[in-house]
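Trainee: My questions will all concern the structure given below.
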Amino acid sequence: MPDTYADHLRAGERAGMRYALGAPRGAPRGLAGAHLASRPGSSLEFMEHRAYQPGDDLRHIDWAAYARSDRLTVKVYRHEVNPHVDLLVDGSRSMALDGTAKRAATVGLAALLATAAANSRFAHRVWLSAETWSPLENGTAPPASWGPMPLDAAADPGEAYFALPPRLAPRGMRFLISDLLWPSDPAALLARLSDAATTVTVVQLLAEEDVRPPEQGNLRLMDCETGGTQEVFIDATASARYRDRLTRHQQHWHRAARQVGAVLITLVAERFLRDWDLDPLMAAGVLKANPT
Amino acid sequence: MIFSLPWAFLGLAALPALAAIYLLRSRSRRRPVSSLLLWAEATRPHAGGRIVKRLHVPLLLVLELLTLALLVMASTGPEVSAGRSRPPLGVVLDDSFSMQAGGEDSPRGRAARELETLLRDEAGTTVRLMLAGAEPRALGSRFRGVARGRELLTQWTCRSADADLEAAVTHARDACGRGTRILVLTDRPPALDPGTGQVVWRAFGKPLANAAIVQAGRSLRDASERCLLEVANFSARPASLTVTVEIEPADAAAAAPAPIVRRFSLEAGQRRPLIFQLPDGASVVRARLREDALGADNRVVLLPDARRRVRVALRLGDEPLRAALARGLEATGRARLTGRGPDLLVTDGPPATVAAPDLWSVCFRVEEEEIAEAFVGPFITDPTHPLCAGLNLRSVVWAAGREPSLPGAPVIAAGSVPLVTDARRIDGRHEVRVRLAPASSNLTQSTNWPVLLWNLLEYRAADLPGPPRPNVRLGSVISIPLPREAERVEIRPPTGEALRRAVADDRTVLLAEACGLYEVRTEAWACRLAVNALAPSESDLRDAETGRWGTWERGPAAVARRPVAWLAMLAAAGLLAVHLMLAGRSRREPPQ
């Protein structure tokens, strides 16, 4: 099993070759997109003729038609878009929890989505949270060229977003990869994230240990981000209580995601890495099989 | 609470061990998690530190510690004081027939009522009854409560001719254990006042006037049979007595002679022997006095004292030895020389090989004079063997060969040379071998010769079917040989139902516990046995008395204890059940 950063990237890239990003349902605007939008634009694909209106691009006047009819007519072309994908990766330490597959899954998933975006001819940029959100070195390049992704930040990604938001491309597709195990208000974050975005997809990436409470007994739990500790006695009741809180937390995020039209899916790192199965994203239409 | 095995408290060392196991097992392990966000409501365990916190002890640990403590307690043998209950009580019951004196108001009746009252007062006391007859005998096992005591007292029949109270007290002490209180119920005062201690002596007798037949027997004299009776007047004043003797003829068809009645006077405490001439062929003789305070000693029944004669066959080639044997056997009066159906074959040849199941053999090995050596002693005799009873071989010259081998166990030997041996065959017959060179020995001329022959006949007669003596005393235990073919025997006592038993080892044992005629019968054989009281000391009621002697001491022995280990075991089992239930429920919780 590969366990270096490069290995994870390669594994994600390899898995991402099977996928492509689905076209956004909205109509994002772009300068020279690879996808045709539903509105007129500047692509070369002819859409219809209509009468000239002031302000129309003179280059689109059909002079031949003017010669025949002495009326200024413009050719209307379908607007062509080229969507942009912003991959926001939670760079906190919890995404690289020792003894779990979260680091490999985080890096691999980011690489997979970037590769899928490339397969769809979408531009992408990878952002990493620390004290603030900053672009990953070579984050617009194929994953193999990405700079290091330390995943050692102690800051809450939500607070970091509000401290200095990333400069996300307008009308782009935005992916947030995080375990969402931080206390910031998800509604506020998702509202900011979905502002001027075509789609927002939140992938909650948890470790098996995050989902399944530890075995019974006394434990000194240590928060890998803050270093804080807590002595707990785990029995059946405590396990059930933990599972209830996790469910409530996830429901909280789901509600917030629904409010802004975002898609939220949860992946368990260990299970995800087993076969790189992204059926939930396929079902949500975020991903599709790579036609090429 | 008292602990009979206090060293078992060492088991409590397991408690800290168990707690240590729990502590070590439950010590917090460090574990990094993504966030403590979801653990905010988790139960906090007990932990050391500067802040004093309430201990969080797992319920299962508490249950296990309690269970362990209860098991340790159970193993220490805890006992609690049983309140006002007393130490065990051993009751010695005088089983002699003098306890029946006075009819309804007999010492036995009054003692039984007193005992029932005591048992009712001490309902929680463990009691053991001991019958004091000729030999002490436990009556049932330990019991509590008057109902069981009343049931056991029905077996207190007072039919023994003697009461060994001292032996019964000792036996009760041994049987009931340390600290037992002993209560003796009798009709006479103790020889010594027991004082304060373990024994209380209660007598319920009354000094009653009583006349009794204290001796009785039948004997042959001058070819005629006589009956001897001895009558005693155990009272403080002279008494006029009448003895009536009834004689049953041996021939049931013949008419019985008229009863013999003899009247006489006896001074206070005087005894008088009476002799009655019995007619020829008299079978059962019954004699009786007028009824008085004690009935058991007013009647006797006597059977003919016909000692069993042993049929002897002599087959010897050595004429002097044969003559000496014939003379000696005749002198005993116990042998009948016959050639047909003998009980004992005396020969100088091989032992009997015929298929007669009851034929014993005496084989003389007549040694040649040339090889014989005269032994003058010292002779080694087996004192436990019936053949050696009364022998004194000090002046005897016993000539015999030196060859050491002679079949059977040596009975008489000269050094390593066996002279007389006895071998018991697998069918029960005995083969006695005698090595003798008669010409060089003076054995046949010595007084030991008839003694040896008498012993030989007694030895054989003791194995012939029938009781050793026809007339026995009350309370005797008689071993009666039975015919070899007998498989079942029926014993019909003077009163009560007949007993039927399987025959083992060709014998049956009879306990003579009632006066009168016993009849012992097998399929093809029968005999009778007469049982009479004949106990002057029991018949003499003049020293009977009512009173109480001795007191039970109060002390540690008076504290009765009741074991409660079972209670601790029960509680431990209950806790274990709860533990199992809780542990099972915990395991059934879904993991996710």
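Please note that chains go A, B, ... in the order of the structure tokens, that every chain numbers its residues from 1, and that ligands are numbered from 1 in the order shown.
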Using DSSP secondary structure from the backbone, list all alpha helix (DSSP H) positions within stretch 64-126 of chain B, as a PDB file with C-alpha atoms, in the first residue's frame.
Mentor:
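Dumped to result_20.pdb:
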ATOM      1  CA  GLU B  64     -17.060  -9.322  41.659  1.00  0.00           C
ATOM      2  CA  LEU B  65     -15.482  -7.952  44.828  1.00  0.00           C
ATOM      3  CA  LEU B  66     -18.613  -8.702  46.813  1.00  0.00           C
ATOM      4  CA  THR B  67     -18.848 -12.207  45.365  1.00  0.00           C
ATOM      5  CA  LEU B  68     -15.228 -12.898  46.174  1.00  0.00           C
ATOM      6  CA  ALA B  69     -15.640 -11.591  49.707  1.00  0.00           C
ATOM      7  CA  LEU B  70     -18.704 -13.777  50.226  1.00  0.00           C
ATOM      8  CA  LEU B  71     -16.909 -16.852  48.939  1.00  0.00           C
ATOM      9  CA  VAL B  72     -14.000 -16.188  51.280  1.00  0.00           C
ATOM     10  CA  MET B  73     -16.432 -15.759  54.123  1.00  0.00           C
ATOM     11  CA  ALA B  74     -18.165 -19.010  53.256  1.00  0.00           C
ATOM     12  CA  SER B  75     -14.851 -20.835  53.250  1.00  0.00           C
ATOM     13  CA  PRO B 107     -40.058 -46.066  85.487  1.00  0.00           C
ATOM     14  CA  ARG B 108     -39.920 -46.379  81.735  1.00  0.00           C
ATOM     15  CA  GLY B 109     -43.266 -44.641  81.312  1.00  0.00           C
ATOM     16  CA  ARG B 110     -42.425 -41.819  83.638  1.00  0.00           C
ATOM     17  CA  ALA B 111     -38.963 -41.365  82.144  1.00  0.00           C
ATOM     18  CA  ALA B 112     -40.440 -41.248  78.644  1.00  0.00           C
ATOM     19  CA  ARG B 113     -42.914 -38.571  79.675  1.00  0.00           C
ATOM     20  CA  GLU B 114     -40.141 -36.562  81.294  1.00  0.00           C
ATOM     21  CA  LEU B 115     -38.041 -36.871  78.168  1.00  0.00           C
ATOM     22  CA  GLU B 116     -40.884 -35.729  75.949  1.00  0.00           C
ATOM     23  CA  THR B 117     -41.305 -32.656  78.142  1.00  0.00           C
ATOM     24  CA  LEU B 118     -37.603 -31.935  77.855  1.00  0.00           C
ATOM     25  CA  LEU B 119     -37.663 -32.373  74.075  1.00  0.00           C
ATOM     26  CA  ARG B 120     -40.620 -30.022  73.855  1.00  0.00           C
ATOM     27  CA  ASP B 121     -38.793 -27.404  75.925  1.00  0.00           C
TER      28      ASP B 121
END
Trainee: At most 10 Å is the cut-off: for each residue in chain A with any atom that close to an atom of chain B, write down the nearest atom pair and the distance in Å rounded to one decimal, counting only C-alpha atoms, chain first then increasing number, as CSV.
Mentor:
residue,atom,partner,partner_atom,distance
A:Ser92,CA,B:Ser34,CA,9.5
A:Arg93,CA,B:Ser34,CA,7.9
A:Ser94,CA,B:Ser34,CA,4.6
A:Met95,CA,B:Ser34,CA,7.6
A:Ala96,CA,B:Ser34,CA,8.7
A:Leu97,CA,B:Ser34,CA,6.3
A:Asp98,CA,B:Pro32,CA,7.5
A:Gly99,CA,B:Pro32,CA,9.0
A:Asp179,CA,B:Ser34,CA,8.4
A:Leu180,CA,B:Ser35,CA,9.8
A:Leu181,CA,B:Ser35,CA,6.2
A:Trp182,CA,B:Leu37,CA,7.1
A:Pro183,CA,B:Leu37,CA,7.2
A:Leu206,CA,B:Ser34,CA,8.9
A:Ala207,CA,B:Ser34,CA,8.7
A:Glu209,CA,B:Val33,CA,7.9
A:Asp210,CA,B:Ser34,CA,7.0
A:Val211,CA,B:Gln592,CA,8.4
A:Arg212,CA,B:Gln592,CA,6.3
A:Pro213,CA,B:Gln592,CA,7.8
A:Pro214,CA,B:Arg31,CA,9.0
A:Glu215,CA,B:Pro591,CA,8.9
A:Gln216,CA,B:Ser26,CA,9.2
A:Gly217,CA,B:Ser26,CA,5.7
A:Asn218,CA,B:Ser28,CA,4.4
A:Leu219,CA,B:Ser28,CA,4.3
A:Arg220,CA,B:Arg30,CA,4.6
A:Leu221,CA,B:Arg31,CA,5.0
A:Met222,CA,B:Pro32,CA,4.5
A:Asp223,CA,B:Ser35,CA,5.0
A:Cys224,CA,B:Pro32,CA,5.8
A:Glu225,CA,B:Ser35,CA,7.3
A:Thr226,CA,B:Ser35,CA,8.4
A:Gly227,CA,B:Pro32,CA,8.9
A:Gly228,CA,B:Leu36,CA,8.0
A:Thr229,CA,B:Leu36,CA,7.9
A:Gln230,CA,B:Leu36,CA,7.6
A:Glu231,CA,B:Arg44,CA,5.7
A:Val232,CA,B:Arg44,CA,4.4
A:Phe233,CA,B:Pro45,CA,4.9
A:Ile234,CA,B:Thr43,CA,7.0
A:Asp235,CA,B:Ser586,CA,8.3
A:Ala236,CA,B:Glu589,CA,6.4
A:Thr237,CA,B:Thr43,CA,8.8
A:Ala238,CA,B:Ala42,CA,5.6
A:Ser239,CA,B:Gln592,CA,8.0
A:Ala240,CA,B:Gln592,CA,7.7
A:Arg241,CA,B:Ala42,CA,7.4
A:Tyr242,CA,B:Leu38,CA,6.0
A:Arg243,CA,B:Gln592,CA,7.5
A:Asp244,CA,B:Leu38,CA,9.0
A:Arg245,CA,B:Leu38,CA,5.8
A:Leu246,CA,B:Leu38,CA,6.4
A:Thr247,CA,B:Leu38,CA,9.9
A:Arg248,CA,B:Leu38,CA,9.8
A:His249,CA,B:Leu38,CA,8.5
Trainee: Please list as a PyMOL selection string every residue within 9 Å of stretch 415-431 of chain B, counting only C-alpha atoms and excluding residues in the same chain fewer than 5 positions away.
Mentor: chain B and resi 351-352+357-363+377-380+398+400-410+436+460
Trainee: Take the residues that were just selected and, keeping N, CA and C atoms, output them as a PDB file, in the first residue's frame.
Mentor:
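Printed below is out06.pdb as written:
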ATOM      1  N   PRO B 351      -7.682 -87.717  54.191  1.00  0.00           N
ATOM      2  CA  PRO B 351      -8.921 -87.115  54.675  1.00  0.00           C
ATOM      3  C   PRO B 351     -10.114 -87.550  53.837  1.00  0.00           C
ATOM      4  N   ALA B 352     -11.290 -87.312  54.382  1.00  0.00           N
ATOM      5  CA  ALA B 352     -12.512 -87.750  53.725  1.00  0.00           C
ATOM      6  C   ALA B 352     -12.622 -87.115  52.350  1.00  0.00           C
ATOM      7  N   PRO B 357     -21.249 -83.149  52.766  1.00  0.00           N
ATOM      8  CA  PRO B 357     -20.923 -81.728  52.922  1.00  0.00           C
ATOM      9  C   PRO B 357     -20.531 -81.351  54.335  1.00  0.00           C
ATOM     10  N   ASP B 358     -20.934 -82.161  55.331  1.00  0.00           N
ATOM     11  CA  ASP B 358     -20.680 -81.763  56.720  1.00  0.00           C
ATOM     12  C   ASP B 358     -19.610 -82.612  57.387  1.00  0.00           C
ATOM     13  N   LEU B 359     -18.924 -83.405  56.647  1.00  0.00           N
ATOM     14  CA  LEU B 359     -17.973 -84.343  57.249  1.00  0.00           C
ATOM     15  C   LEU B 359     -16.615 -83.682  57.431  1.00  0.00           C
ATOM     16  N   TRP B 360     -16.240 -83.539  58.701  1.00  0.00           N
ATOM     17  CA  TRP B 360     -14.922 -83.027  59.016  1.00  0.00           C
ATOM     18  C   TRP B 360     -13.974 -84.210  59.166  1.00  0.00           C
ATOM     19  N   SER B 361     -12.706 -83.955  59.034  1.00  0.00           N
ATOM     20  CA  SER B 361     -11.724 -85.047  59.120  1.00  0.00           C
ATOM     21  C   SER B 361     -10.645 -84.701  60.123  1.00  0.00           C
ATOM     22  N   VAL B 362     -10.230 -85.742  60.853  1.00  0.00           N
ATOM     23  CA  VAL B 362      -9.023 -85.646  61.688  1.00  0.00           C
ATOM     24  C   VAL B 362      -8.085 -86.742  61.185  1.00  0.00           C
ATOM     25  N   CYS B 363      -6.993 -86.380  60.600  1.00  0.00           N
ATOM     26  CA  CYS B 363      -6.077 -87.340  59.978  1.00  0.00           C
ATOM     27  C   CYS B 363      -4.836 -87.459  60.847  1.00  0.00           C
ATOM     28  N   GLY B 377       9.105 -80.287  74.319  1.00  0.00           N
ATOM     29  CA  GLY B 377       8.734 -78.883  74.474  1.00  0.00           C
ATOM     30  C   GLY B 377       9.939 -77.982  74.310  1.00  0.00           C
ATOM     31  N   PRO B 378       9.779 -76.708  74.381  1.00  0.00           N
ATOM     32  CA  PRO B 378       8.470 -76.075  74.569  1.00  0.00           C
ATOM     33  C   PRO B 378       7.604 -76.178  73.302  1.00  0.00           C
ATOM     34  N   PHE B 379       6.334 -76.364  73.527  1.00  0.00           N
ATOM     35  CA  PHE B 379       5.389 -76.443  72.419  1.00  0.00           C
ATOM     36  C   PHE B 379       4.729 -75.069  72.197  1.00  0.00           C
ATOM     37  N   ILE B 380       4.522 -74.813  70.967  1.00  0.00           N
ATOM     38  CA  ILE B 380       3.871 -73.527  70.612  1.00  0.00           C
ATOM     39  C   ILE B 380       2.427 -73.829  70.256  1.00  0.00           C
ATOM     40  N   TRP B 398       5.971 -85.682  72.880  1.00  0.00           N
ATOM     41  CA  TRP B 398       5.226 -85.797  71.599  1.00  0.00           C
ATOM     42  C   TRP B 398       6.226 -86.208  70.540  1.00  0.00           C
ATOM     43  N   ALA B 400       7.330 -87.315  66.853  1.00  0.00           N
ATOM     44  CA  ALA B 400       6.856 -87.131  65.475  1.00  0.00           C
ATOM     45  C   ALA B 400       8.058 -86.937  64.576  1.00  0.00           C
ATOM     46  N   GLY B 401       7.847 -87.059  63.273  1.00  0.00           N
ATOM     47  CA  GLY B 401       8.918 -86.851  62.316  1.00  0.00           C
ATOM     48  C   GLY B 401       9.285 -85.371  62.237  1.00  0.00           C
ATOM     49  N   ARG B 402      10.437 -85.098  61.629  1.00  0.00           N
ATOM     50  CA  ARG B 402      10.922 -83.719  61.590  1.00  0.00           C
ATOM     51  C   ARG B 402      10.476 -82.966  60.329  1.00  0.00           C
ATOM     52  N   GLU B 403       9.831 -83.702  59.461  1.00  0.00           N
ATOM     53  CA  GLU B 403       9.467 -83.049  58.190  1.00  0.00           C
ATOM     54  C   GLU B 403       8.557 -81.845  58.472  1.00  0.00           C
ATOM     55  N   PRO B 404       8.973 -80.674  58.002  1.00  0.00           N
ATOM     56  CA  PRO B 404       8.225 -79.478  58.397  1.00  0.00           C
ATOM     57  C   PRO B 404       6.898 -79.294  57.670  1.00  0.00           C
ATOM     58  N   SER B 405       6.698 -80.000  56.565  1.00  0.00           N
ATOM     59  CA  SER B 405       5.487 -79.711  55.798  1.00  0.00           C
ATOM     60  C   SER B 405       4.305 -80.515  56.316  1.00  0.00           C
ATOM     61  N   LEU B 406       3.215 -79.791  56.571  1.00  0.00           N
ATOM     62  CA  LEU B 406       1.955 -80.419  56.967  1.00  0.00           C
ATOM     63  C   LEU B 406       0.861 -79.435  56.532  1.00  0.00           C
ATOM     64  N   PRO B 407      -0.099 -79.869  55.717  1.00  0.00           N
ATOM     65  CA  PRO B 407      -1.089 -78.918  55.194  1.00  0.00           C
ATOM     66  C   PRO B 407      -1.879 -78.253  56.313  1.00  0.00           C
ATOM     67  N   GLY B 408      -2.229 -77.001  56.096  1.00  0.00           N
ATOM     68  CA  GLY B 408      -3.051 -76.265  57.060  1.00  0.00           C
ATOM     69  C   GLY B 408      -2.239 -75.347  57.939  1.00  0.00           C
ATOM     70  N   ALA B 409      -2.952 -74.583  58.728  1.00  0.00           N
ATOM     71  CA  ALA B 409      -2.321 -73.631  59.634  1.00  0.00           C
ATOM     72  C   ALA B 409      -1.903 -74.344  60.907  1.00  0.00           C
ATOM     73  N   PRO B 410      -0.675 -74.125  61.365  1.00  0.00           N
ATOM     74  CA  PRO B 410      -0.226 -74.814  62.586  1.00  0.00           C
ATOM     75  C   PRO B 410      -1.075 -74.405  63.785  1.00  0.00           C
ATOM     76  N   LEU B 436       1.966 -87.858  64.833  1.00  0.00           N
ATOM     77  CA  LEU B 436       2.216 -88.530  66.123  1.00  0.00           C
ATOM     78  C   LEU B 436       2.832 -89.904  65.873  1.00  0.00           C
ATOM     79  N   ARG B 460     -16.209 -79.314  66.543  1.00  0.00           N
ATOM     80  CA  ARG B 460     -17.103 -79.820  65.497  1.00  0.00           C
ATOM     81  C   ARG B 460     -18.562 -79.497  65.829  1.00  0.00           C
TER      82      ARG B 460
END
Trainee: Per DSSP on the backbone, filter stretch 31-147 of chain B down to the residues in strand (DSSP E) and report them as a PDB file with N, CA and C atoms, in the first residue's frame.
Mentor:
ATOM      1  N   ARG B  31      -5.054   8.043  23.345  1.00  0.00           N
ATOM      2  CA  ARG B  31      -5.561   7.770  22.009  1.00  0.00           C
ATOM      3  C   ARG B  31      -5.872   9.103  21.320  1.00  0.00           C
ATOM      4  N   PRO B  32      -5.195   9.376  20.221  1.00  0.00           N
ATOM      5  CA  PRO B  32      -5.496  10.611  19.485  1.00  0.00           C
ATOM      6  C   PRO B  32      -6.800  10.469  18.713  1.00  0.00           C
ATOM      7  N   VAL B  33      -7.555  11.552  18.684  1.00  0.00           N
ATOM      8  CA  VAL B  33      -8.807  11.554  17.931  1.00  0.00           C
ATOM      9  C   VAL B  33      -8.837  12.806  17.057  1.00  0.00           C
ATOM     10  N   PRO B  78     -18.272 -19.767  58.745  1.00  0.00           N
ATOM     11  CA  PRO B  78     -18.878 -18.879  59.744  1.00  0.00           C
ATOM     12  C   PRO B  78     -20.025 -19.576  60.482  1.00  0.00           C
ATOM     13  N   GLU B  79     -20.100 -19.282  61.730  1.00  0.00           N
ATOM     14  CA  GLU B  79     -21.169 -19.844  62.547  1.00  0.00           C
ATOM     15  C   GLU B  79     -21.735 -18.731  63.399  1.00  0.00           C
ATOM     16  N   VAL B  80     -23.031 -18.762  63.578  1.00  0.00           N
ATOM     17  CA  VAL B  80     -23.646 -17.757  64.433  1.00  0.00           C
ATOM     18  C   VAL B  80     -24.250 -18.455  65.642  1.00  0.00           C
ATOM     19  N   SER B  81     -24.417 -17.686  66.661  1.00  0.00           N
ATOM     20  CA  SER B  81     -25.039 -18.225  67.854  1.00  0.00           C
ATOM     21  C   SER B  81     -26.499 -18.549  67.555  1.00  0.00           C
ATOM     22  N   LEU B  89     -27.692 -33.037  73.111  1.00  0.00           N
ATOM     23  CA  LEU B  89     -28.107 -33.806  74.274  1.00  0.00           C
ATOM     24  C   LEU B  89     -28.046 -35.289  73.935  1.00  0.00           C
ATOM     25  N   GLY B  90     -27.294 -36.021  74.720  1.00  0.00           N
ATOM     26  CA  GLY B  90     -27.266 -37.475  74.577  1.00  0.00           C
ATOM     27  C   GLY B  90     -28.072 -38.094  75.709  1.00  0.00           C
ATOM     28  N   VAL B  91     -29.050 -38.876  75.361  1.00  0.00           N
ATOM     29  CA  VAL B  91     -29.932 -39.449  76.378  1.00  0.00           C
ATOM     30  C   VAL B  91     -29.668 -40.945  76.466  1.00  0.00           C
ATOM     31  N   VAL B  92     -29.258 -41.386  77.630  1.00  0.00           N
ATOM     32  CA  VAL B  92     -29.000 -42.809  77.867  1.00  0.00           C
ATOM     33  C   VAL B  92     -30.244 -43.418  78.501  1.00  0.00           C
ATOM     34  N   LEU B  93     -30.794 -44.413  77.829  1.00  0.00           N
ATOM     35  CA  LEU B  93     -32.043 -45.024  78.279  1.00  0.00           C
ATOM     36  C   LEU B  93     -31.732 -46.394  78.860  1.00  0.00           C
ATOM     37  N   ASP B  94     -32.048 -46.573  80.117  1.00  0.00           N
ATOM     38  CA  ASP B  94     -31.863 -47.869  80.778  1.00  0.00           C
ATOM     39  C   ASP B  94     -32.817 -48.871  80.116  1.00  0.00           C
ATOM     40  N   VAL B 127     -30.552 -34.106  69.549  1.00  0.00           N
ATOM     41  CA  VAL B 127     -30.656 -35.151  70.567  1.00  0.00           C
ATOM     42  C   VAL B 127     -30.244 -36.483  69.949  1.00  0.00           C
ATOM     43  N   ARG B 128     -29.569 -37.288  70.719  1.00  0.00           N
ATOM     44  CA  ARG B 128     -29.212 -38.639  70.290  1.00  0.00           C
ATOM     45  C   ARG B 128     -29.601 -39.583  71.425  1.00  0.00           C
ATOM     46  N   LEU B 129     -30.330 -40.635  71.091  1.00  0.00           N
ATOM     47  CA  LEU B 129     -30.758 -41.596  72.099  1.00  0.00           C
ATOM     48  C   LEU B 129     -29.831 -42.799  72.085  1.00  0.00           C
ATOM     49  N   MET B 130     -29.520 -43.290  73.253  1.00  0.00           N
ATOM     50  CA  MET B 130     -28.613 -44.428  73.386  1.00  0.00           C
ATOM     51  C   MET B 130     -29.246 -45.437  74.336  1.00  0.00           C
ATOM     52  N   LEU B 131     -29.434 -46.666  73.855  1.00  0.00           N
ATOM     53  CA  LEU B 131     -30.016 -47.713  74.692  1.00  0.00           C
ATOM     54  C   LEU B 131     -28.911 -48.367  75.502  1.00  0.00           C
ATOM     55  N   ALA B 132     -29.125 -48.481  76.807  1.00  0.00           N
ATOM     56  CA  ALA B 132     -28.133 -49.131  77.669  1.00  0.00           C
ATOM     57  C   ALA B 132     -28.648 -50.514  78.014  1.00  0.00           C
ATOM     58  N   PRO B 136     -24.142 -51.103  74.842  1.00  0.00           N
ATOM     59  CA  PRO B 136     -24.832 -49.886  74.394  1.00  0.00           C
ATOM     60  C   PRO B 136     -25.194 -49.967  72.917  1.00  0.00           C
ATOM     61  N   ARG B 137     -26.313 -49.371  72.582  1.00  0.00           N
ATOM     62  CA  ARG B 137     -26.768 -49.404  71.195  1.00  0.00           C
ATOM     63  C   ARG B 137     -27.468 -48.082  70.889  1.00  0.00           C
ATOM     64  N   ALA B 138     -27.033 -47.440  69.779  1.00  0.00           N
ATOM     65  CA  ALA B 138     -27.641 -46.160  69.392  1.00  0.00           C
ATOM     66  C   ALA B 138     -29.060 -46.410  68.898  1.00  0.00           C
ATOM     67  N   LEU B 139     -29.952 -45.513  69.294  1.00  0.00           N
ATOM     68  CA  LEU B 139     -31.348 -45.632  68.874  1.00  0.00           C
ATOM     69  C   LEU B 139     -31.613 -44.538  67.838  1.00  0.00           C
ATOM     70  N   GLY B 140     -31.590 -44.906  66.577  1.00  0.00           N
ATOM     71  CA  GLY B 140     -31.782 -43.927  65.512  1.00  0.00           C
ATOM     72  C   GLY B 140     -30.597 -42.999  65.414  1.00  0.00           C
ATOM     73  N   SER B 141     -30.762 -41.974  64.603  1.00  0.00           N
ATOM     74  CA  SER B 141     -29.705 -40.986  64.428  1.00  0.00           C
ATOM     75  C   SER B 141     -30.092 -39.708  65.181  1.00  0.00           C
ATOM     76  N   ARG B 142     -29.292 -38.671  64.994  1.00  0.00           N
ATOM     77  CA  ARG B 142     -29.581 -37.411  65.687  1.00  0.00           C
ATOM     78  C   ARG B 142     -30.898 -36.833  65.189  1.00  0.00           C
ATOM     79  N   PHE B 143     -31.585 -36.172  66.068  1.00  0.00           N
ATOM     80  CA  PHE B 143     -32.869 -35.599  65.663  1.00  0.00           C
ATOM     81  C   PHE B 143     -33.142 -34.354  66.492  1.00  0.00           C
TER      82      PHE B 143
END
